[in-house]
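Undergrad: So I've got this file, start.cif, and it contains mmCIF, C-alpha atoms:
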data_data
loop_
_atom_site.group_PDB
_atom_site.id
_atom_site.type_symbol
_atom_site.label_atom_id
_atom_site.label_comp_id
_atom_site.auth_asym_id
_atom_site.auth_seq_id
_atom_site.Cartn_x
_atom_site.Cartn_y
_atom_site.Cartn_z
ATOM 1 C CA MET A 1 -221.206 -8.565 212.025
ATOM 2 C CA HIS A 2 -222.421 -7.911 208.468
ATOM 3 C CA ARG A 3 -219.688 -5.283 208.052
ATOM 4 C CA ILE A 4 -216.970 -7.806 208.950
ATOM 5 C CA ILE A 5 -218.372 -10.426 206.592
ATOM 6 C CA PHE A 6 -218.675 -7.848 203.817
ATOM 7 C CA MET A 7 -215.062 -6.708 204.332
ATOM 8 C CA TYR A 8 -213.865 -10.331 204.325
ATOM 9 C CA TYR A 9 -215.510 -11.081 201.004
ATOM 10 C CA LEU A 10 -214.421 -7.758 199.542
ATOM 11 C CA ILE A 11 -210.794 -8.412 200.495
ATOM 12 C CA LEU A 12 -211.063 -11.979 199.167
ATOM 13 C CA VAL A 13 -212.344 -10.682 195.827
ATOM 14 C CA LEU A 14 -209.559 -8.085 195.757
ATOM 15 C CA ALA A 15 -206.934 -10.758 196.497
ATOM 16 C CA LEU A 16 -208.274 -12.951 193.695
ATOM 17 C CA PHE A 17 -208.278 -9.939 191.369
ATOM 18 C CA VAL A 18 -204.651 -9.145 192.250
ATOM 19 C CA ASN A 19 -203.736 -12.791 191.661
ATOM 20 C CA PHE A 20 -205.457 -12.717 188.260
ATOM 21 C CA VAL A 21 -203.759 -9.449 187.251
ATOM 22 C CA THR A 22 -200.300 -10.608 188.276
ATOM 23 C CA THR A 23 -200.602 -13.908 186.422
ATOM 24 C CA ARG A 24 -201.733 -11.990 183.332
ATOM 25 C CA LEU A 25 -198.885 -9.485 183.722
ATOM 26 C CA ARG A 26 -196.333 -12.305 183.814
ATOM 27 C CA ARG A 27 -197.326 -13.313 180.278
ATOM 28 C CA LEU A 28 -197.007 -9.817 178.848
ATOM 29 C CA PRO A 29 -193.674 -8.504 177.543
ATOM 30 C CA ILE A 30 -193.170 -6.454 180.715
ATOM 31 C CA GLY A 31 -193.647 -9.610 182.794
ATOM 32 C CA ARG A 32 -191.078 -11.462 180.739
ATOM 33 C CA ALA A 33 -188.728 -8.504 181.194
ATOM 34 C CA TRP A 34 -189.259 -8.726 184.976
ATOM 35 C CA GLU A 35 -188.394 -12.421 184.891
ATOM 36 C CA ALA A 36 -185.284 -11.775 182.804
ATOM 37 C CA LEU A 37 -184.247 -9.008 185.194
ATOM 38 C CA ARG A 38 -184.803 -11.280 188.187
ATOM 39 C CA GLU A 39 -182.619 -14.007 186.707
ATOM 40 C CA ASP A 40 -179.703 -11.958 185.386
ATOM 41 C CA GLU A 41 -179.526 -8.172 185.196
ATOM 42 C CA ILE A 42 -176.437 -8.078 182.967
ATOM 43 C CA ALA A 43 -177.951 -10.466 180.429
ATOM 44 C CA CYS A 44 -181.147 -8.432 180.543
ATOM 45 C CA ARG A 45 -179.208 -5.270 179.742
ATOM 46 C CA SER A 46 -177.402 -7.014 176.897
ATOM 47 C CA LEU A 47 -180.769 -7.941 175.366
ATOM 48 C CA GLY A 48 -181.616 -4.255 175.134
ATOM 49 C CA ILE A 49 -184.114 -4.123 177.990
ATOM 50 C CA ASN A 50 -184.052 -0.843 179.881
ATOM 51 C CA THR A 51 -183.502 -2.099 183.428
ATOM 52 C CA VAL A 52 -184.328 1.221 185.101
ATOM 53 C CA THR A 53 -187.737 1.461 183.445
ATOM 54 C CA THR A 54 -188.417 -2.211 184.134
ATOM 55 C CA LYS A 55 -187.576 -1.838 187.822
ATOM 56 C CA LEU A 56 -189.651 1.324 188.095
ATOM 57 C CA THR A 57 -192.719 -0.321 186.572
ATOM 58 C CA ALA A 58 -192.371 -3.251 188.963
ATOM 59 C CA PHE A 59 -192.047 -0.859 191.899
ATOM 60 C CA ALA A 60 -195.021 1.256 190.780
ATOM 61 C CA ILE A 61 -197.316 -1.732 190.282
ATOM 62 C CA GLY A 62 -196.222 -3.212 193.615
ATOM 63 C CA ALA A 63 -196.877 0.140 195.303
ATOM 64 C CA MET A 64 -200.324 0.253 193.724
ATOM 65 C CA PHE A 65 -201.194 -3.176 195.137
ATOM 66 C CA GLY A 66 -199.703 -2.156 198.495
ATOM 67 C CA GLY A 67 -201.873 0.971 198.455
ATOM 68 C CA PHE A 68 -204.958 -1.157 197.862
ATOM 69 C CA ALA A 69 -204.034 -3.404 200.780
ATOM 70 C CA GLY A 70 -203.228 -0.429 203.010
ATOM 71 C CA SER A 71 -206.538 1.253 202.308
ATOM 72 C CA PHE A 72 -208.444 -1.891 203.228
ATOM 73 C CA PHE A 73 -206.301 -2.331 206.335
ATOM 74 C CA ALA A 74 -207.084 1.246 207.367
ATOM 75 C CA THR A 75 -210.786 0.672 206.755
ATOM 76 C CA ARG A 76 -210.748 -2.475 208.845
ATOM 77 C CA GLN A 77 -208.707 -0.993 211.704
ATOM 78 C CA GLY A 78 -210.320 2.434 211.747
ATOM 79 C CA PHE A 79 -207.071 3.971 213.046
ATOM 80 C CA ILE A 80 -203.446 3.633 211.960
ATOM 81 C CA SER A 81 -200.395 4.530 213.980
ATOM 82 C CA PRO A 82 -196.730 3.457 213.903
ATOM 83 C CA GLU A 83 -197.449 1.115 216.803
ATOM 84 C CA SER A 84 -199.691 -0.890 214.466
ATOM 85 C CA PHE A 85 -196.599 -2.301 212.749
ATOM 86 C CA THR A 86 -194.025 -3.952 215.000
ATOM 87 C CA PHE A 87 -190.727 -5.572 214.092
ATOM 88 C CA GLN A 88 -192.284 -8.983 214.754
ATOM 89 C CA GLU A 89 -194.940 -8.405 212.076
ATOM 90 C CA SER A 90 -192.409 -7.067 209.570
ATOM 91 C CA ALA A 91 -190.154 -10.089 210.098
ATOM 92 C CA LEU A 92 -193.152 -12.389 209.763
ATOM 93 C CA VAL A 93 -194.206 -10.857 206.427
ATOM 94 C CA LEU A 94 -190.645 -11.097 205.094
ATOM 95 C CA ALA A 95 -190.387 -14.708 206.255
ATOM 96 C CA ILE A 96 -193.694 -15.559 204.576
ATOM 97 C CA VAL A 97 -192.466 -14.204 201.252
ATOM 98 C CA VAL A 98 -189.047 -15.869 201.472
ATOM 99 C CA LEU A 99 -190.319 -19.218 202.691
ATOM 100 C CA GLY A 100 -193.181 -19.260 200.204
ATOM 101 C CA GLY A 101 -190.766 -19.116 197.333
ATOM 102 C CA LEU A 102 -189.791 -16.386 194.941
ATOM 103 C CA GLY A 103 -192.292 -16.085 192.120
ATOM 104 C CA SER A 104 -194.812 -18.464 193.688
ATOM 105 C CA GLN A 105 -198.163 -17.060 194.787
ATOM 106 C CA ILE A 106 -199.443 -20.413 196.033
ATOM 107 C CA GLY A 107 -196.244 -20.883 198.013
ATOM 108 C CA VAL A 108 -196.730 -17.549 199.749
ATOM 109 C CA ALA A 109 -200.283 -18.517 200.725
ATOM 110 C CA VAL A 110 -199.087 -21.885 202.080
ATOM 111 C CA ALA A 111 -196.232 -20.217 203.979
ATOM 112 C CA ALA A 112 -198.654 -17.706 205.491
ATOM 113 C CA VAL A 113 -200.895 -20.488 206.774
ATOM 114 C CA VAL A 114 -197.915 -22.455 208.117
ATOM 115 C CA LEU A 115 -196.185 -19.521 209.827
ATOM 116 C CA ILE A 116 -199.304 -17.951 211.302
ATOM 117 C CA GLY A 117 -200.534 -21.369 212.416
ATOM 118 C CA SER A 118 -197.194 -22.264 213.990
ATOM 119 C CA SER A 119 -197.029 -18.954 215.871
ATOM 120 C CA GLU A 120 -200.483 -19.670 217.285
ATOM 121 C CA PHE A 121 -199.437 -23.232 218.083
ATOM 122 C CA PHE A 122 -196.450 -21.988 220.122
ATOM 123 C CA ARG A 123 -198.374 -19.227 221.893
ATOM 124 C CA ASP A 124 -197.823 -20.926 225.267
ATOM 125 C CA LEU A 125 -194.059 -20.812 224.740
ATOM 126 C CA GLN A 126 -193.979 -17.002 224.486
ATOM 127 C CA GLU A 127 -190.312 -16.617 225.464
ATOM 128 C CA TYR A 128 -189.112 -19.322 223.063
ATOM 129 C CA ARG A 129 -191.343 -18.423 220.125
ATOM 130 C CA MET A 130 -188.771 -16.241 218.338
ATOM 131 C CA LEU A 131 -186.080 -18.878 218.873
ATOM 132 C CA ILE A 132 -188.304 -21.588 217.388
ATOM 133 C CA PHE A 133 -189.217 -19.202 214.560
ATOM 134 C CA GLY A 134 -185.533 -18.548 213.768
ATOM 135 C CA VAL A 135 -184.570 -22.217 213.910
ATOM 136 C CA SER A 136 -187.449 -23.168 211.633
ATOM 137 C CA MET A 137 -186.440 -20.404 209.179
ATOM 138 C CA VAL A 138 -182.856 -21.700 209.040
ATOM 139 C CA ALA A 139 -184.047 -25.317 208.704
ATOM 140 C CA ILE A 140 -186.366 -24.528 205.809
ATOM 141 C CA MET A 141 -183.724 -22.394 204.075
ATOM 142 C CA VAL A 142 -181.263 -25.307 204.306
ATOM 143 C CA TRP A 143 -183.837 -27.947 203.378
ATOM 144 C CA ARG A 144 -185.613 -25.963 200.612
ATOM 145 C CA PRO A 145 -183.438 -22.984 199.546
ATOM 146 C CA ARG A 146 -185.960 -21.737 196.958
ATOM 147 C CA GLY A 147 -188.860 -21.809 199.401
ATOM 148 C CA ILE A 148 -191.658 -24.226 200.193
ATOM 149 C CA ILE A 149 -193.106 -24.098 196.685
ATOM 150 C CA GLY A 150 -190.310 -22.277 194.921
ATOM 151 C CA SER A 151 -190.502 -22.657 191.188
ATOM 152 C CA ARG A 152 -188.664 -20.434 188.809
ATOM 153 C CA THR A 153 -190.145 -21.793 185.654
ATOM 154 C CA PRO A 154 -190.557 -19.172 182.959
ATOM 155 C CA SER A 155 -194.075 -18.033 182.188
ATOM 156 C CA ILE A 156 -193.637 -18.826 178.489
ATOM 157 C CA VAL A 157 -191.977 -22.103 177.562
ATOM 158 C CA ILE A 158 -191.407 -23.488 174.084
ATOM 159 C CA ASP A 159 -192.927 -26.951 174.198
ATOM 160 C CA GLU A 160 -190.986 -28.637 171.438
ATOM 161 C CA ALA A 161 -188.413 -27.763 168.829
ATOM 162 C CA ARG A 162 -190.114 -27.219 165.485
ATOM 163 C CA PRO A 163 -188.211 -28.106 162.345
ATOM 164 C CA ILE A 164 -187.523 -25.296 159.898
ATOM 165 C CA SER A 165 -188.408 -26.057 156.314
ATOM 166 C CA ALA A 166 -185.696 -25.917 153.675
ATOM 167 C CA ASP A 167 -187.522 -23.078 151.899
ATOM 168 C CA LEU A 168 -186.768 -20.736 154.798
ATOM 169 C CA VAL A 169 -183.061 -21.601 155.036
ATOM 170 C CA LYS A 170 -180.639 -19.903 152.655
ATOM 171 C CA GLU A 171 -177.059 -20.806 152.087
ATOM 172 C CA GLY A 172 -174.844 -17.874 152.877
ATOM 173 C CA ARG A 173 -172.439 -16.803 150.149
ATOM 174 C CA ALA A 174 -169.984 -13.964 150.234
#
Give the structure from this file in structure tokens form.
TA:
Amino acid sequence: MHRIIFMYYLILVLALFVNFVTTRLRRLPIGRAWEALREDEIACRSLGINTVTTKLTAFAIGAMFGGFAGSFFATRQGFISPESFTFQESALVLAIVVLGGLGSQIGVAVAAVVLIGSSEFFRDLQEYRMLIFGVSMVAIMVWRPRGIIGSRTPSIVIDEARPISADLVKEGRA
């Protein structure tokens, strides 16, 4: 029992650490480049951002976090095989991310609680569970297209327009 409690708290600390790192990364120049790339790749290229390098860094950091999660999953399970990951679980993870909202970590956590809780709620209706799951996915995508808590606000926002003093402005003459 102590091993399970220890693993729970260790995974909780790791999840909080990943949350902290990703929020810090969003404020760095690479995070702003990721946001620009997410919004419009052509505009990002026109700003001089190397889109290939930006995508590769996002993929590498995501793979690093996935490796952390996979190692803890393997430690908890003790054995991993392809049967450990079914189509149902893959669809559920994808639905959690989409319904949570792109760029929203709180939304993903809320969507995970809602979707896992609803699948447990409909456990008695085993043959209709996927149908109810699909209908609820379509309903939420129509009702809230950006997700449950989908916010695409930039990580750095200029609060107010600051006036420029006349000393800094020159009149252009040819």
Undergrad: If you apply the PyMOL selection byres ((chain A and resi 106-115) around 8) to this file, what residues do you get, as a list in words?
TA: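 Selection result, ordered by chain and number: Leu92, Ile96, Val97, Leu99, Gly100, Gly101, Ser104, Gln105, Ile116, Gly117, Ser118, Ser119, Gly147, Ile148, Ile149 and Gly150 of chain A.
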Undergrad: Taking all atoms listed in the file into account, name the residue in A:Val13, A:Gly103, A:Arg3, A:Glu41 that is nearest to Arg26 in chain A.
TA: A:Gly103
Undergrad: Using the file's own x, y and z axes, so that the box edges lie along x, y and z, what centre and edge lengths in Å (one decimal) does a box around every listed atom of range 71-85 of chain A get when 8 Å is added on each side? Give it as lines of an AutoDock Vina configuration file.
TA:
center_x = -203.7
center_y = 1.0
center_z = 209.6
size_x = 30.2
size_y = 23.0
size_z = 30.5
Undergrad: Between CA of Phe20 in chain A and CA of Ala60 in chain A, what distance in Å does the model show, to one decimal?
TA: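 Value for the CA of Phe20 in chain A-CA of Ala60 in chain A distance: 17.6 Å.
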Undergrad: Under the rule that all atoms listed in the file are counted, which of A:Phe59, A:Thr22, A:Phe73, A:Arg27 is the nearest residue to Met7 in chain A?
TA: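 For Met7 in chain A, the nearest of the candidates is A:Phe73.
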Undergrad: When you look at Phe68 in chain A with a cut-off of 12 Å (counting all atoms listed in the file), what residues show up, excluding the ones that are within fewer than 5 positions of it in the same chain? I need them as a PyMOL selection string.
TA: chain A and resi 10-11+14-15+17-18+61-63+73-75
Undergrad: Which value, in Å to one decimal, gives the distance between CA of Arg45 in chain A and CA of Arg32 in chain A?
TA: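 Interatomic distance here is 13.4 Å.
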Undergrad: Write out as a PyMOL selection string each polymer residue whose atoms come within 12 Å of Ala58 in chain A, counting only C-alpha atoms; drop sequence neighbours fewer than 5 positions from it.
TA: chain A and resi 22+25-26+30-35+37-38+51-53+63-65
Undergrad: So how many Å separate CA of Leu47 in chain A and CA of Arg162 in chain A, to one decimal?
TA: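 Computed distance, CA of Leu47 in chain A to CA of Arg162 in chain A, equals 23.6 Å.
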Undergrad: Here is a test: counting all atoms listed in the file, which residue of A:Glu160, A:Arg129, A:Arg144, A:Gly70 is nearest to Phe85 in chain A?
TA: A:Gly70
Undergrad: Tell me, as a PyMOL selection string, which residues lie within 12 Å of Ile132 in chain A, counting all atoms listed in the file; anything in the same chain fewer than 6 positions away does not count.
TA: chain A and resi 115+118-119+121-123+125-126+138-139
Undergrad: I'd like to know which of A:Glu89, A:Gln77, A:Leu131, A:Pro163 is closest to Ile4 in chain A, using all atoms listed in the file.
TA: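 For Ile4 in chain A, the nearest of the candidates is A:Gln77.
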